[in-house]
>>> print(open('coords27.tsv').read())   # TSV, C-alpha atoms
chain	number	residue	atom	x	y	z
R	15	ALA	CA	18.80	-33.16	190.54
R	16	GLN	CA	15.89	-30.82	190.80
R	17	SER	CA	14.59	-28.91	187.82
R	18	VAL	CA	11.81	-26.52	186.97
R	19	THR	CA	9.84	-26.27	183.76
R	20	GLN	CA	7.76	-23.32	182.70
R	21	PRO	CA	6.14	-24.47	179.45
R	22	ASP	CA	4.94	-21.04	178.36
R	23	ILE	CA	7.67	-18.69	177.21
R	24	HIS	CA	5.33	-15.84	176.41
R	25	ILE	CA	1.70	-15.19	177.31
R	26	THR	CA	-0.55	-12.31	176.34
R	27	VAL	CA	-3.76	-11.61	178.20
R	28	SER	CA	-6.27	-8.79	178.14
R	29	GLU	CA	-6.51	-6.49	181.09
R	30	GLY	CA	-9.15	-7.77	183.46
R	31	ALA	CA	-8.86	-11.34	182.25
R	32	SER	CA	-7.78	-14.20	184.45
R	33	LEU	CA	-4.27	-15.56	184.34
R	34	GLU	CA	-2.62	-18.89	184.99
R	35	LEU	CA	1.10	-19.45	184.60
R	36	ARG	CA	2.26	-23.02	184.64
R	37	CYS	CA	5.14	-24.48	186.57
R	38	ASN	CA	6.22	-28.09	186.88
R	39	TYR	CA	9.09	-29.28	188.99
R	40	SER	CA	11.22	-32.32	189.49
R	41	TYR	CA	12.44	-33.00	192.99
R	42	GLY	CA	12.96	-36.07	195.12
R	43	ALA	CA	11.00	-34.83	198.10
R	44	THR	CA	8.62	-32.03	198.91
R	45	PRO	CA	10.41	-28.90	197.80
R	46	TYR	CA	10.21	-25.29	198.71
R	47	LEU	CA	8.42	-23.55	195.85
R	48	PHE	CA	8.49	-19.92	194.90
R	49	TRP	CA	7.17	-17.50	192.34
R	50	TYR	CA	9.15	-14.36	191.61
R	51	VAL	CA	8.41	-11.44	189.34
R	52	GLN	CA	11.01	-9.36	187.52
R	53	SER	CA	10.41	-6.05	185.80
R	54	PRO	CA	12.83	-5.08	183.00
R	55	GLY	CA	16.32	-4.37	184.31
R	56	GLN	CA	15.27	-5.01	187.88
R	57	GLY	CA	15.91	-7.62	190.51
R	58	LEU	CA	13.44	-10.22	191.65
R	59	GLN	CA	10.47	-9.68	193.88
R	60	LEU	CA	8.94	-12.57	195.76
R	61	LEU	CA	5.25	-13.04	194.97
R	62	LEU	CA	4.59	-16.06	197.14
R	63	LYS	CA	6.10	-19.23	198.51
R	64	TYR	CA	5.12	-22.69	199.59
R	65	PHE	CA	6.94	-24.48	202.38
R	66	SER	CA	4.33	-26.77	203.90
R	67	GLY	CA	0.72	-26.89	205.04
R	68	ASP	CA	-2.13	-25.44	203.03
R	69	THR	CA	-1.48	-26.16	199.39
R	70	LEU	CA	-3.18	-22.97	198.23
R	71	VAL	CA	-0.98	-20.04	199.04
R	72	GLN	CA	-1.80	-16.39	198.78
R	73	GLY	CA	0.76	-13.84	197.72
R	74	ILE	CA	1.12	-10.16	197.07
R	75	LYS	CA	-0.63	-8.21	194.33
R	76	GLY	CA	-3.59	-10.57	194.30
R	77	PHE	CA	-1.64	-13.63	193.15
R	78	GLU	CA	-2.15	-17.15	194.42
R	79	ALA	CA	-0.61	-20.51	193.62
R	80	GLU	CA	-1.60	-24.07	194.28
R	81	PHE	CA	0.80	-26.88	195.06
R	82	LYS	CA	-0.33	-30.16	193.55
R	83	ARG	CA	1.95	-32.97	194.58
R	84	SER	CA	0.34	-35.53	192.29
R	85	GLN	CA	1.04	-33.33	189.29
R	86	SER	CA	4.35	-31.90	190.51
R	87	SER	CA	2.94	-28.50	189.73
R	88	PHE	CA	2.80	-25.09	191.32
R	89	ASN	CA	0.76	-22.92	188.97
R	90	LEU	CA	0.37	-19.20	189.55
R	91	ARG	CA	-3.03	-17.59	189.18
R	92	LYS	CA	-4.65	-14.21	189.29
R	93	PRO	CA	-8.37	-13.64	188.74
R	94	SER	CA	-8.06	-10.24	187.08
R	95	VAL	CA	-4.87	-9.00	185.49
R	96	HIS	CA	-3.81	-5.36	185.62
R	97	TRP	CA	-1.59	-3.64	183.06
R	98	SER	CA	1.07	-3.25	185.75
R	99	ASP	CA	1.37	-7.04	185.98
R	100	ALA	CA	3.26	-7.12	182.67
R	101	ALA	CA	6.66	-8.57	183.58
R	102	GLU	CA	8.71	-11.75	183.59
R	103	TYR	CA	7.62	-14.43	186.04
R	104	PHE	CA	9.91	-17.09	187.39
R	105	CYS	CA	9.03	-20.26	189.22
R	106	ALA	CA	11.76	-21.65	191.47
R	107	VAL	CA	12.46	-24.77	193.47
R	108	GLY	CA	14.45	-24.62	196.66
R	109	GLU	CA	16.41	-27.36	198.32
R	110	ARG	CA	15.30	-28.43	201.76
R	111	GLY	CA	18.56	-28.43	203.58
R	112	ALA	CA	21.50	-26.33	204.50
R	113	THR	CA	22.16	-24.80	201.12
R	114	ASN	CA	18.77	-23.37	200.24
R	115	LYS	CA	19.89	-22.69	196.72
R	116	LEU	CA	17.14	-22.02	194.23
R	117	ILE	CA	16.80	-23.47	190.79
R	118	PHE	CA	14.81	-21.28	188.45
R	119	GLY	CA	12.58	-22.05	185.54
R	120	THR	CA	13.16	-20.33	182.23
R	121	GLY	CA	10.52	-17.73	182.94
R	122	THR	CA	7.25	-16.66	181.36
R	123	LEU	CA	6.98	-13.21	179.87
R	124	LEU	CA	3.54	-11.76	180.47
R	125	ALA	CA	2.17	-9.08	178.19
R	126	VAL	CA	-1.08	-7.32	179.06
R	127	GLN	CA	-3.09	-5.74	176.31
R	128	PRO	CA	-5.76	-3.07	176.87
S	6	GLY	CA	11.14	-7.82	204.56
S	7	ALA	CA	14.90	-8.17	204.55
S	8	VAL	CA	16.85	-5.93	202.21
S	9	VAL	CA	19.76	-6.91	200.00
S	10	SER	CA	21.62	-4.19	198.17
S	11	GLN	CA	23.96	-4.52	195.22
S	12	HIS	CA	26.49	-2.02	194.00
S	13	PRO	CA	27.07	-0.86	191.37
S	14	SER	CA	23.78	-1.24	189.57
S	15	ARG	CA	25.48	-0.60	186.25
S	16	VAL	CA	29.12	-0.77	185.25
S	17	ILE	CA	30.89	-0.43	181.95
S	18	CYS	CA	34.50	-1.50	181.66
S	19	LYS	CA	37.15	-2.15	179.07
S	20	SER	CA	38.10	-5.63	178.05
S	21	GLY	CA	40.88	-7.01	180.21
S	22	THR	CA	40.03	-5.09	183.34
S	23	SER	CA	38.54	-6.48	186.54
S	24	VAL	CA	35.25	-5.44	188.03
S	25	LYS	CA	34.00	-5.92	191.58
S	26	ILE	CA	30.33	-6.16	192.48
S	27	GLU	CA	29.22	-5.90	196.08
S	28	CYS	CA	26.24	-7.54	197.69
S	29	ARG	CA	25.18	-6.39	201.14
S	30	SER	CA	22.50	-7.55	203.51
S	31	LEU	CA	21.32	-4.34	205.13
S	32	ASP	CA	19.20	-5.47	208.04
S	33	PHE	CA	20.13	-9.07	208.67
S	34	GLN	CA	23.15	-11.30	208.85
S	35	ALA	CA	23.56	-13.44	205.78
S	36	THR	CA	25.43	-16.63	206.49
S	37	THR	CA	24.95	-17.77	202.92
S	38	MET	CA	24.83	-15.75	199.74
S	39	PHE	CA	24.26	-16.88	196.17
S	40	TRP	CA	25.39	-15.34	192.93
S	41	TYR	CA	23.31	-15.70	189.79
S	42	ARG	CA	23.91	-14.69	186.22
S	43	GLN	CA	21.11	-13.81	183.87
S	44	PHE	CA	21.56	-13.65	180.12
S	45	PRO	CA	19.21	-11.48	178.06
S	46	LYS	CA	15.74	-12.98	177.90
S	47	LYS	CA	16.98	-16.01	179.81
S	48	SER	CA	16.54	-17.45	183.24
S	49	LEU	CA	18.84	-17.08	186.21
S	50	MET	CA	21.79	-19.41	186.31
S	51	LEU	CA	23.28	-20.15	189.71
S	52	MET	CA	26.99	-19.45	189.61
S	53	ALA	CA	28.12	-20.12	193.14
S	54	THR	CA	27.21	-20.38	196.77
S	55	SER	CA	29.27	-18.50	199.30
S	56	ASN	CA	29.33	-19.05	203.02
S	57	GLU	CA	30.78	-16.51	205.38
S	58	GLY	CA	34.37	-17.27	206.19
S	59	SER	CA	34.84	-20.14	203.77
S	60	LYS	CA	35.51	-20.74	200.11
S	61	ALA	CA	32.69	-20.45	197.65
S	62	THR	CA	31.18	-23.51	196.04
S	63	TYR	CA	30.93	-23.08	192.30
S	64	GLU	CA	28.42	-24.69	190.01
S	65	GLN	CA	29.63	-26.90	187.24
S	66	GLY	CA	30.94	-24.95	184.28
S	67	VAL	CA	31.62	-21.74	186.19
S	68	GLU	CA	35.26	-20.66	186.10
S	69	LYS	CA	36.52	-20.12	189.63
S	70	ASP	CA	39.48	-18.04	188.50
S	71	LYS	CA	37.29	-15.84	186.34
S	72	PHE	CA	34.60	-15.18	188.92
S	73	LEU	CA	36.18	-14.62	192.32
S	74	ILE	CA	33.75	-14.66	195.21
S	75	ASN	CA	34.57	-13.47	198.69
S	76	HIS	CA	32.24	-13.56	201.68
S	77	ALA	CA	34.36	-11.96	204.35
S	78	SER	CA	31.60	-10.87	206.68
S	79	LEU	CA	28.02	-11.73	207.55
S	80	THR	CA	26.75	-8.73	205.61
S	81	LEU	CA	28.98	-8.55	202.56
S	82	SER	CA	29.84	-10.77	199.64
S	83	THR	CA	31.73	-9.64	196.58
S	84	LEU	CA	31.96	-10.98	193.04
S	85	THR	CA	35.00	-9.98	191.05
S	86	VAL	CA	34.98	-10.59	187.34
S	87	THR	CA	38.65	-10.84	186.45
S	88	SER	CA	40.10	-9.96	183.07
S	89	ALA	CA	36.63	-9.25	181.78
S	90	HIS	CA	35.72	-9.89	178.17
S	91	PRO	CA	32.63	-8.95	176.18
S	92	GLU	CA	31.15	-12.41	176.71
S	93	ASP	CA	31.11	-11.68	180.44
S	94	SER	CA	28.59	-8.92	179.84
S	95	SER	CA	25.48	-9.90	181.73
S	96	PHE	CA	23.11	-9.13	184.56
S	97	TYR	CA	24.46	-10.44	187.86
S	98	ILE	CA	22.12	-10.91	190.81
S	99	CYS	CA	22.97	-11.85	194.35
S	100	SER	CA	20.69	-13.33	196.95
S	101	ALA	CA	21.06	-14.03	200.62
S	102	ARG	CA	19.43	-15.95	203.38
S	103	ASP	CA	19.66	-15.10	207.02
S	104	SER	CA	21.02	-17.25	209.78
S	105	VAL	CA	17.56	-18.39	210.76
S	106	PHE	CA	16.60	-21.20	208.45
S	107	THR	CA	13.43	-20.07	206.75
S	108	GLY	CA	14.04	-21.31	203.24
S	109	GLU	CA	13.46	-17.87	201.81
S	110	LEU	CA	16.03	-15.93	199.87
S	111	PHE	CA	16.21	-12.19	199.45
S	112	PHE	CA	17.46	-10.77	196.19
S	113	GLY	CA	19.49	-7.73	195.33
S	114	GLU	CA	18.50	-5.36	192.56
S	115	GLY	CA	21.07	-6.78	190.18
S	116	SER	CA	24.17	-5.36	188.51
S	117	ARG	CA	24.39	-4.83	184.77
S	118	LEU	CA	27.94	-5.40	183.52
S	119	THR	CA	28.91	-4.28	180.04
S	120	VAL	CA	32.40	-5.10	178.80
S	121	LEU	CA	33.54	-3.14	175.79
>>> encode(input="coords27.tsv", output="structure tokens")
Amino acid sequence: AQSVTQPDIHITVSEGASLELRCNYSYGATPYLFWYVQSPGQGLQLLLKYFSGDTLVQGIKGFEAEFKRSQSSFNLRKPSVHWSDAAEYFCAVGERGATNKLIFGTGTLLAVQP
Amino acid sequence: GAVVSQHPSRVICKSGTSVKIECRSLDFQATTMFWYRQFPKKSLMLMATSNEGSKATYEQGVEKDKFLINHASLTLSTLTVTSAHPEDSSFYICSARDSVFTGELFFGEGSRLTVL
């Protein structure tokens, strides 16, 4: 069964600093990979996704992620963090098939300090 | 992008009552919808997968009789929490995919259930 691991429960970065959120997955084949962001009490917003092709994907709000098959990773990056980026970030793996159900990691809570 | 709407966004009920949460796809037909539960400061746990016109498929450990899911049309799925108890208090989120297989899911805004 597929699974997703986000090793960092909580990360604090200074505004303007770079950011990398880690995500490792376990899946028998090439998965669909997603990063979502959730603000307190809100639903999920898709930041970016990987289905196939170029392993470096660009998303909204200046985020990017790189799929590395050899490391089973899909880390999220941003070169310069803004205070409004403070939120919970979830990595997710999707099944390739009829169900499309997503399995989520435990999330990383990002705090941005001035 | 596609829009998924949930209603109500917040609901408070007494223990023992039933609560219905609606999930609607506003601008696309959703052949499959998913219901997730999120505990405070925790990740999203998939509860069930519902396909239009058929019975929902529940994940292991989810009580079918407690969480009734109906997907009667291509734009509406409902989750009914029956005989709710305080431990059912949670944030429930639905998601949907359209009939064109893209792999992407669209999420509702979530519904906060508080059982007193």
>>> closest_residue(input="coords27.tsv", among="S:Phe39, S:Tyr63, S:Phe112, S:Phe44", to="Thr83 (chain S)", atoms="only C-alpha atoms")
S:Phe39
>>> atom_distance(input="coords27.tsv", atom1="CA of Leu33 (chain R)", atom2="CA of Leu110 (chain S)")
25.6 Å
>>> interface_residues(input="coords27.tsv", of="chain R", to="chain S", cutoff="7 Å", atoms="only C-alpha atoms", output="list of chain:residue names")
R:Gln56, R:Gly57, R:Leu58, R:Asn114, R:Phe118, R:Gly119, R:Thr120, R:Gly121
>>> atom_distance(input="coords27.tsv", atom1="CA of Glu92 (chain S)", atom2="CA of Lys60 (chain S)")
25.2 Å
>>> closest_residue(input="coords27.tsv", among="R:Ser66, R:Thr122, R:Gln72, R:Asn89", to="Ile23 (chain R)", atoms="all atoms listed in the file")
R:Thr122
>>> atom_distance(input="coords27.tsv", atom1="CA of Ser82 (chain S)", atom2="CA of Ile117 (chain R)")
20.2 Å
>>> residues_around(input="coords27.tsv", residues="Ser94 (chain S)", least_positions_apart="4", cutoff="9 Å", atoms="all atoms listed in the file", output="list of chain:residue names")
S:Phe44, S:Ala89, S:His90, S:Arg117, S:Leu118, S:Thr119, S:Val120, S:Leu121
>>> closest_residue(input="coords27.tsv", among="R:Phe88, R:Phe81, R:Tyr50, R:Phe65", to="Ala101 (chain R)", atoms="all atoms listed in the file")
R:Tyr50
>>> residues_near_point(input="coords27.tsv", point="(40.9, -8.6, 182.5)", cutoff="9 Å", atoms="only C-alpha atoms", output="list in words")
Lys19, Ser20, Gly21, Thr22, Ser23, Val24, Lys71, Val86, Thr87, Ser88, Ala89 and His90 of chain S
>>> residues_around(input="coords27.tsv", residues="Leu70 (chain R)", least_positions_apart="5", cutoff="12 Å", atoms="all atoms listed in the file", output="short mmCIF file (atom, residue, chain, number, x, y, z; two decimals) with C-alpha atoms, keeping the file's coordinate frame")
data_model
loop_
_atom_site.label_atom_id
_atom_site.label_comp_id
_atom_site.auth_asym_id
_atom_site.auth_seq_id
_atom_site.Cartn_x
_atom_site.Cartn_y
_atom_site.Cartn_z
CA LEU R 47 8.42 -23.55 195.85
CA LEU R 62 4.59 -16.06 197.14
CA LYS R 63 6.10 -19.23 198.51
CA TYR R 64 5.12 -22.69 199.59
CA PHE R 65 6.94 -24.48 202.38
CA PHE R 77 -1.64 -13.63 193.15
CA GLU R 78 -2.15 -17.15 194.42
CA ALA R 79 -0.61 -20.51 193.62
CA GLU R 80 -1.60 -24.07 194.28
CA PHE R 81 0.80 -26.88 195.06
CA LYS R 82 -0.33 -30.16 193.55
CA ARG R 83 1.95 -32.97 194.58
CA SER R 87 2.94 -28.50 189.73
CA PHE R 88 2.80 -25.09 191.32
CA ASN R 89 0.76 -22.92 188.97
CA LEU R 90 0.37 -19.20 189.55
CA ARG R 91 -3.03 -17.59 189.18
#
>>> closest_residue(input="coords27.tsv", among="R:Ala15, R:Leu60, R:Val71, R:Ala106", to="Gly42 (chain R)", atoms="all atoms listed in the file")
R:Ala15
>>> residues_near_point(input="coords27.tsv", point="(7.7, -28.7, 189.8)", cutoff="7 Å", atoms="all atoms listed in the file", output="PyMOL selection string")
chain R and resi 18-19+37-40+86-88
>>> axis_aligned_box(input="coords27.tsv", around="region 88-99 of chain S", padding_each_side="3 Å", output="AutoDock Vina command-line options")
--center_x 31.1 --center_y -10.7 --center_z 185.3 --size_x 24.0 --size_y 9.5 --size_z 24.2
>>> residues_around(input="coords27.tsv", residues="Phe72 (chain S)", least_positions_apart="4", cutoff="9 Å", atoms="only C-alpha atoms", output="PDB file with C-alpha atoms, in the frame of the given file")
ATOM      1  CA  MET S  52      26.990 -19.450 189.610  1.00  0.00           C
ATOM      2  CA  VAL S  67      31.620 -21.740 186.190  1.00  0.00           C
ATOM      3  CA  GLU S  68      35.260 -20.660 186.100  1.00  0.00           C
ATOM      4  CA  LEU S  84      31.960 -10.980 193.040  1.00  0.00           C
ATOM      5  CA  THR S  85      35.000  -9.980 191.050  1.00  0.00           C
ATOM      6  CA  VAL S  86      34.980 -10.590 187.340  1.00  0.00           C
ATOM      7  CA  THR S  87      38.650 -10.840 186.450  1.00  0.00           C
TER       8      THR S  87
END
>>> residues_around(input="coords27.tsv", residues="Glu102 (chain R)", least_positions_apart="5", cutoff="7 Å", atoms="only C-alpha atoms", output="PyMOL selection string")
chain R and resi 51-53+121-124
>>> residues_around(input="coords27.tsv", residues="Val126 (chain R)", least_positions_apart="3", cutoff="7 Å", atoms="all atoms listed in the file", output="PyMOL selection string")
chain R and resi 26-29+97+100
